[in-house]
Amino acid sequence: MNEKTDILRLLPDELTSFITSPPYSQPKFRAGQIFSWLHRGVGFEEMTDLPLSLRSSLADSCVIKTPAVERRLVSEIDGTIKYLLRLCDGNLIEAVYMKYEHGNTLCVSSQVGCRMGCRFCASTKSGRVRDLSASEILGEIIAAERDTGTRISNVVMMGIGEPLDNFDETVRFLRLISAPGGIGIGLRHVSVSTCGIVPRIRDLAKTGLPVTLSISLHAADDKTRSAIMPVNGSYPISELLTACRDWFLTTGRRISFEYTLISGKNDSPEDARRLADVLRRFMNDGGRTLPMHVNLIPLNDVEGTGLSRSSRDSVRRFSDILTSLGITATVRRRLGPDINAACGQLRINSAGNGR
């Protein structure tokens with residue numbers, strides 16, 4: 001028995017080739033119709049401008065990998081929605097819907113679990129099960145839009161998993177969401193987060209896709225960073241920040257550095273000064289400090305890590321020191337505090353997920 005085609009994963013030119021070839025042998029315009037329907041979350045039986053025979057054939061030979069909403073938690077404080085989504089094979093992932101003045105943002109997952117091993121993160125506690133396909137990542141957006149009845153205009157790839165550890169499917173996903181006739185999200189409204197897989201940062205720059213790169217830095221020296229982020233053993237700070245400088249020089253796109261503040265680990269005034277120094281030293285081109293932004297994130301407490309959040313005073317002091325040293329820094333507003341909106345925790349705590 002032949003495996004069904006993952007039709008939502010197909011880019012427009014691939015879908016055109018697919019639908020104009022036997023056994024379908026349809027005119028090219030059918031591909032555009034199907035692509036538009038798929039990105040609206042419509043099943044084959046509802047694609048009313050297609051011939052009934054074509055709808056039946058597609059249903060027999062193709063699968064649409066949109067995840068199902070297993071559970072949703074809605075914040076009574078700010079309307080943030082945390083989704084637990086079930087994939088076609090039963091695996092569970094998470095997505096978080098956030099409302100901002102500039103539009104609705106969805107934080108999406110890129111893998112089932114994660115193998116990066118960052119000590120402060122719930123997503124990595126059970127390891128990596130598998131990568132998500134581009135269609136499954138796209139399906140998170142479709143599921144959220146259908147559930148809320150609103151349009152997602154911004155995407156952050158900061159959910160469960162390391163996007164650059166699933167590089168090919170991440171790039172395909174980015175091409176899918178920005179393709180004409182589809183879901184229509186401009187890549188300048190997409191942020192891709194990475195813990196620092198240097199070769200893939202360079203590969204992403206070569207694609208020419210105008211996304212924002214977010215670097216999970218979380219420490220200013222190798223000893224501290226290696227203790228909380230194993231990836232630093234392979235790609236130390238000097239290599240990572242050199243790649244970040246080259247990213248800007250190649251793409252012209254400003255980098256955002258994510259820095260989770262952990263009490264007693266990386267939140268001292270000395271840590272702030274070291275951070276400013278190392279960023280100014282590496283994010284520099286012939287004496288010109290390159291555009292960058294530091295996003296300070298008070299730790300979301302995760303059971304079993306032994307780590308705790310920095311105090312408000314420590315966070316404020318850290319931010320003030322960076323600003324005084326010429327580094328643009330803001331403290332991330334915590335959304336959905338009453339629903340544990342940080343990714344990974346709902347999946348881990350879900351009974352019977354086993355994955």
# chains A, B, ... in the order shown; residues from 1 in each chain; ligands from 1
$ residues_around --residues "region 48-53 of chain A" --least-positions-apart "5" --cutoff "9 Å" --atoms "only C-alpha atoms" --output "list in words"
Arg30, Gln33, Ile34 and Leu58 of chain A
$ write_last_selection --atoms "C-alpha atoms" --output "PDB file, in the first residue's frame"
ATOM      1  CA  ARG A  30      -6.324  23.835  -9.824  1.00  0.00           C
ATOM      2  CA  GLN A  33      -7.193  26.660  -5.709  1.00  0.00           C
ATOM      3  CA  ILE A  34      -5.988  23.703  -3.663  1.00  0.00           C
ATOM      4  CA  LEU A  58      -7.206  13.618  -3.308  1.00  0.00           C
TER       5      LEU A  58
END
$ residues_around --residues "Ile160 (chain A)" --least-positions-apart "2" --cutoff "9 Å" --atoms "only C-alpha atoms" --output "NGL selection string"
:A and (93-95 or 108-114 or 122-124 or 157-158 or 162-163 or 343-344)
$ write_last_selection --atoms "N, CA and C atoms" --output "short mmCIF file (atom, residue, chain, number, x, y, z; two decimals), in the first residue's frame"
data_model
loop_
_atom_site.label_atom_id
_atom_site.label_comp_id
_atom_site.auth_asym_id
_atom_site.auth_seq_id
_atom_site.Cartn_x
_atom_site.Cartn_y
_atom_site.Cartn_z
N ILE A 93 2.43 18.38 20.99
CA ILE A 93 3.28 19.57 20.95
C ILE A 93 2.49 20.73 21.54
N GLU A 94 3.12 21.89 21.63
CA GLU A 94 2.46 23.07 22.15
C GLU A 94 2.62 24.25 21.20
N ALA A 95 1.66 25.17 21.28
CA ALA A 95 1.75 26.47 20.61
C ALA A 95 1.10 27.48 21.53
N VAL A 108 5.37 28.81 17.79
CA VAL A 108 5.18 27.46 17.27
C VAL A 108 6.33 26.54 17.67
N SER A 109 6.03 25.25 17.73
CA SER A 109 7.03 24.22 17.97
C SER A 109 7.59 23.72 16.65
N SER A 110 8.82 23.22 16.69
CA SER A 110 9.46 22.70 15.47
C SER A 110 9.86 21.23 15.60
N GLN A 111 9.80 20.69 16.82
CA GLN A 111 10.11 19.29 17.06
C GLN A 111 9.22 18.76 18.17
N VAL A 112 9.09 17.44 18.23
CA VAL A 112 8.46 16.80 19.39
C VAL A 112 9.59 16.56 20.38
N GLY A 113 9.63 17.37 21.44
CA GLY A 113 10.75 17.31 22.36
C GLY A 113 11.96 18.03 21.79
N CYS A 114 13.08 17.92 22.49
CA CYS A 114 14.30 18.62 22.07
C CYS A 114 15.50 17.90 22.66
N ALA A 122 11.81 23.23 29.93
CA ALA A 122 10.96 22.05 30.11
C ALA A 122 10.90 21.20 28.84
N SER A 123 11.09 21.83 27.67
CA SER A 123 10.91 21.13 26.40
C SER A 123 11.89 19.97 26.22
N THR A 124 13.03 20.07 26.85
CA THR A 124 14.10 19.10 26.61
C THR A 124 14.13 17.97 27.63
N MET A 157 9.39 31.20 16.21
CA MET A 157 9.75 29.78 16.32
C MET A 157 10.56 29.60 17.60
N MET A 158 9.83 29.63 18.70
CA MET A 158 10.44 29.57 20.03
C MET A 158 9.74 28.55 20.91
N GLU A 162 14.34 22.78 18.67
CA GLU A 162 15.37 23.69 18.14
C GLU A 162 15.17 23.78 16.62
N PRO A 163 14.67 24.92 16.11
CA PRO A 163 14.36 25.02 14.68
C PRO A 163 15.53 24.67 13.77
N CYS A 343 6.60 27.31 26.93
CA CYS A 343 6.42 26.05 26.22
C CYS A 343 7.10 24.88 26.92
N GLY A 344 6.48 23.71 26.78
CA GLY A 344 7.05 22.46 27.26
C GLY A 344 6.38 21.90 28.48
#
$ residues_around --residues "Arg119 (chain A)" --least-positions-apart "2" --cutoff "8 Å" --atoms "only C-alpha atoms" --output "list in words"
Gly117, Cys121, Ile228, Met229 and Thr305 of chain A
$ atom_distance --atom1 "CA of Phe318 (chain A)" --atom2 "CA of Arg253 (chain A)"
25.4 Å
$ residues_around --residues "Ser226 (chain A)" --least-positions-apart "6" --cutoff "10 Å" --atoms "only C-alpha atoms" --output "list in words"
Cys118, Ala219, Asn232, Gly233, Ser234, Tyr235, Pro236 and Ile237 of chain A
$ residues_around --residues "region 9-25 of chain A" --least-positions-apart "5" --cutoff "6 Å" --atoms "only C-alpha atoms" --output "MDAnalysis selection string"
chainID A and resid 31 134:135
$ closest_residue --among "A:Gly103, A:Gly306, A:Gly161, A:Pro180" --to "Lys265 (chain A)" --atoms "only C-alpha atoms"
A:Gly306
$ select_by_dssp --residues "region 78-142 of chain A" --states "helix (DSSP H, G or I)" --output "PyMOL selection string"
chain A and resi 134-142
$ write_last_selection --atoms "N, CA and C atoms" --output "compact mmCIF listing (two decimals), in the first residue's frame"
# COMPACT_ATOMS: atom_id res chain seq x y z
N ALA A 134 7.28 20.37 7.78
CA ALA A 134 6.88 21.75 7.52
C ALA A 134 5.36 21.89 7.58
N SER A 135 4.66 20.86 7.12
CA SER A 135 3.20 20.91 7.14
C SER A 135 2.65 20.90 8.57
N GLU A 136 3.30 20.18 9.46
CA GLU A 136 2.85 20.15 10.85
C GLU A 136 3.10 21.48 11.55
N ILE A 137 4.22 22.13 11.23
CA ILE A 137 4.48 23.45 11.80
C ILE A 137 3.46 24.45 11.27
N LEU A 138 3.23 24.42 9.96
CA LEU A 138 2.21 25.26 9.35
C LEU A 138 0.84 24.96 9.96
N GLY A 139 0.58 23.68 10.23
CA GLY A 139 -0.69 23.27 10.79
C GLY A 139 -0.98 23.88 12.14
N GLU A 140 0.07 24.22 12.90
CA GLU A 140 -0.14 24.89 14.18
C GLU A 140 -0.81 26.25 13.97
N ILE A 141 -0.36 26.97 12.93
CA ILE A 141 -0.96 28.28 12.63
C ILE A 141 -2.40 28.10 12.17
N ILE A 142 -2.62 27.14 11.30
CA ILE A 142 -3.97 26.90 10.78
C ILE A 142 -4.92 26.54 11.93
$ select_by_dssp --residues "region 38-164 of chain A" --states "strand (DSSP E)" --output "MDAnalysis selection string"
chainID A and resid 62:63 68:74 81:86 92:100 103:107 111:113 128:131 154:157
$ write_last_selection --atoms "N, CA and C atoms" --output "compact mmCIF listing (two decimals), in the first residue's frame"
# COMPACT_ATOMS: atom_id res chain seq x y z
N CYS A 62 -4.03 11.49 -0.46
CA CYS A 62 -3.29 12.53 0.26
C CYS A 62 -3.75 12.63 1.72
N VAL A 63 -2.90 13.22 2.53
CA VAL A 63 -3.23 13.48 3.93
C VAL A 63 -2.93 14.94 4.22
N ALA A 68 -4.73 18.47 15.83
CA ALA A 68 -6.00 18.68 16.51
C ALA A 68 -5.75 19.32 17.87
N VAL A 69 -6.66 20.21 18.27
CA VAL A 69 -6.54 20.84 19.58
C VAL A 69 -6.95 19.82 20.65
N GLU A 70 -5.97 19.40 21.43
CA GLU A 70 -6.21 18.45 22.52
C GLU A 70 -6.70 19.16 23.77
N ARG A 71 -6.11 20.34 24.00
CA ARG A 71 -6.46 21.11 25.20
C ARG A 71 -6.07 22.56 24.96
N ARG A 72 -6.83 23.47 25.52
CA ARG A 72 -6.51 24.90 25.41
C ARG A 72 -6.70 25.55 26.77
N LEU A 73 -5.73 26.36 27.16
CA LEU A 73 -5.80 27.11 28.40
C LEU A 73 -5.82 28.59 28.04
N VAL A 74 -6.78 29.33 28.56
CA VAL A 74 -6.93 30.75 28.24
C VAL A 74 -6.64 31.58 29.47
N ILE A 81 -3.51 32.30 24.84
CA ILE A 81 -4.04 30.94 24.77
C ILE A 81 -2.88 29.97 24.59
N LYS A 82 -2.83 28.98 25.47
CA LYS A 82 -1.82 27.94 25.33
C LYS A 82 -2.49 26.68 24.81
N TYR A 83 -1.99 26.17 23.69
CA TYR A 83 -2.57 24.99 23.05
C TYR A 83 -1.70 23.76 23.29
N LEU A 84 -2.35 22.67 23.63
CA LEU A 84 -1.73 21.35 23.53
C LEU A 84 -2.32 20.73 22.28
N LEU A 85 -1.48 20.40 21.32
CA LEU A 85 -1.93 19.91 20.01
C LEU A 85 -1.50 18.47 19.81
N ARG A 86 -2.42 17.68 19.27
CA ARG A 86 -2.12 16.27 19.00
C ARG A 86 -1.87 16.09 17.51
N LEU A 92 2.36 14.83 21.06
CA LEU A 92 1.83 16.10 21.52
C LEU A 92 2.89 17.20 21.40
N ILE A 93 2.43 18.38 20.99
CA ILE A 93 3.28 19.57 20.95
C ILE A 93 2.49 20.73 21.54
N GLU A 94 3.12 21.89 21.63
CA GLU A 94 2.46 23.07 22.15
C GLU A 94 2.62 24.25 21.20
N ALA A 95 1.66 25.17 21.28
CA ALA A 95 1.75 26.47 20.61
C ALA A 95 1.10 27.48 21.53
N VAL A 96 1.54 28.72 21.44
CA VAL A 96 1.01 29.78 22.31
C VAL A 96 0.58 30.97 21.45
N TYR A 97 -0.67 31.38 21.64
CA TYR A 97 -1.27 32.49 20.91
C TYR A 97 -1.24 33.73 21.80
N MET A 98 -0.66 34.82 21.28
CA MET A 98 -0.49 36.03 22.09
C MET A 98 -1.03 37.25 21.34
N LYS A 99 -1.73 38.10 22.05
CA LYS A 99 -2.29 39.31 21.46
C LYS A 99 -1.39 40.51 21.75
N TYR A 100 -1.05 41.23 20.68
CA TYR A 100 -0.28 42.45 20.82
C TYR A 100 -0.98 43.55 20.03
N GLY A 103 -0.61 43.12 16.33
CA GLY A 103 -1.18 41.94 15.69
C GLY A 103 -1.08 40.71 16.57
N ASN A 104 -1.64 39.62 16.07
CA ASN A 104 -1.64 38.36 16.82
C ASN A 104 -0.40 37.54 16.47
N THR A 105 0.24 37.02 17.50
CA THR A 105 1.48 36.26 17.34
C THR A 105 1.27 34.83 17.79
N LEU A 106 1.84 33.89 17.06
CA LEU A 106 1.81 32.50 17.48
C LEU A 106 3.23 32.01 17.66
N CYS A 107 3.49 31.43 18.83
CA CYS A 107 4.76 30.77 19.09
C CYS A 107 4.58 29.30 18.73
N GLN A 111 9.80 20.69 16.82
CA GLN A 111 10.11 19.29 17.06
C GLN A 111 9.22 18.76 18.17
N VAL A 112 9.09 17.44 18.23
CA VAL A 112 8.46 16.80 19.39
C VAL A 112 9.59 16.56 20.38
N GLY A 113 9.63 17.37 21.44
CA GLY A 113 10.75 17.31 22.36
C GLY A 113 11.96 18.03 21.79
N ARG A 128 14.43 14.43 22.53
CA ARG A 128 13.79 14.62 21.23
C ARG A 128 13.18 13.31 20.76
N VAL A 129 11.91 13.38 20.37
CA VAL A 129 11.21 12.21 19.82
C VAL A 129 11.36 12.19 18.31
N ARG A 130 11.03 13.30 17.66
CA ARG A 130 11.17 13.40 16.21
C ARG A 130 11.03 14.85 15.78
N ASP A 131 11.41 15.11 14.53
CA ASP A 131 11.22 16.43 13.93
C ASP A 131 9.77 16.57 13.47
N ASN A 154 2.08 37.37 12.99
CA ASN A 154 3.48 37.24 13.41
C ASN A 154 3.72 35.84 13.95
N VAL A 155 4.90 35.30 13.66
CA VAL A 155 5.25 33.96 14.12
C VAL A 155 6.61 34.00 14.80
N VAL A 156 6.71 33.33 15.94
CA VAL A 156 8.01 33.14 16.59
C VAL A 156 8.24 31.63 16.72
N MET A 157 9.39 31.20 16.21
CA MET A 157 9.75 29.78 16.32
C MET A 157 10.56 29.60 17.60
$ atom_distance --atom1 "CA of Asp6 (chain A)" --atom2 "CA of Ile185 (chain A)"
21.3 Å
$ atom_distance --atom1 "CA of Val278 (chain A)" --atom2 "CA of Met292 (chain A)"
12.7 Å
$ decode --residues "region 275-294 of chain A" --atoms "N, CA and C atoms" --output "compact mmCIF listing (two decimals), in the first residue's frame"
# COMPACT_ATOMS: atom_id res chain seq x y z
N LEU A 275 28.46 40.86 29.68
CA LEU A 275 27.61 40.71 28.49
C LEU A 275 27.77 41.91 27.56
N ALA A 276 27.74 43.10 28.12
CA ALA A 276 27.92 44.30 27.29
C ALA A 276 29.27 44.27 26.60
N ASP A 277 30.28 43.87 27.31
CA ASP A 277 31.63 43.85 26.74
C ASP A 277 31.75 42.85 25.59
N VAL A 278 31.25 41.64 25.80
CA VAL A 278 31.42 40.62 24.77
C VAL A 278 30.57 40.94 23.54
N LEU A 279 29.41 41.54 23.72
CA LEU A 279 28.59 41.91 22.57
C LEU A 279 29.23 43.04 21.78
N ARG A 280 29.76 44.04 22.49
CA ARG A 280 30.40 45.15 21.78
C ARG A 280 31.67 44.69 21.06
N ARG A 281 32.34 43.70 21.64
CA ARG A 281 33.59 43.23 21.05
C ARG A 281 33.35 42.44 19.76
N PHE A 282 32.35 41.58 19.77
CA PHE A 282 32.12 40.72 18.60
C PHE A 282 31.13 41.32 17.60
N MET A 283 30.12 42.01 18.09
CA MET A 283 29.13 42.62 17.18
C MET A 283 29.66 43.98 16.74
N ASN A 284 30.75 43.92 16.00
CA ASN A 284 31.48 45.12 15.65
C ASN A 284 32.07 44.95 14.26
N ASP A 285 31.99 46.01 13.48
CA ASP A 285 32.55 45.97 12.13
C ASP A 285 33.39 47.21 11.89
N GLY A 286 34.71 47.04 12.04
CA GLY A 286 35.61 48.16 11.83
C GLY A 286 35.38 49.31 12.78
N GLY A 287 35.04 49.01 14.02
CA GLY A 287 34.80 50.05 15.01
C GLY A 287 33.35 50.48 15.11
N ARG A 288 32.52 49.99 14.20
CA ARG A 288 31.09 50.32 14.23
C ARG A 288 30.34 49.22 14.96
N THR A 289 29.64 49.59 16.03
CA THR A 289 28.83 48.61 16.75
C THR A 289 27.59 48.30 15.92
N LEU A 290 27.36 47.02 15.67
CA LEU A 290 26.26 46.62 14.81
C LEU A 290 24.92 46.65 15.57
N PRO A 291 23.82 46.89 14.86
CA PRO A 291 22.51 46.92 15.51
C PRO A 291 22.18 45.58 16.16
N MET A 292 21.71 45.64 17.38
CA MET A 292 21.33 44.42 18.11
C MET A 292 20.42 44.82 19.25
N HIS A 293 19.78 43.81 19.82
CA HIS A 293 18.84 44.04 20.90
C HIS A 293 18.94 42.88 21.88
N VAL A 294 18.94 43.19 23.17
CA VAL A 294 18.94 42.15 24.20
C VAL A 294 17.56 42.07 24.84
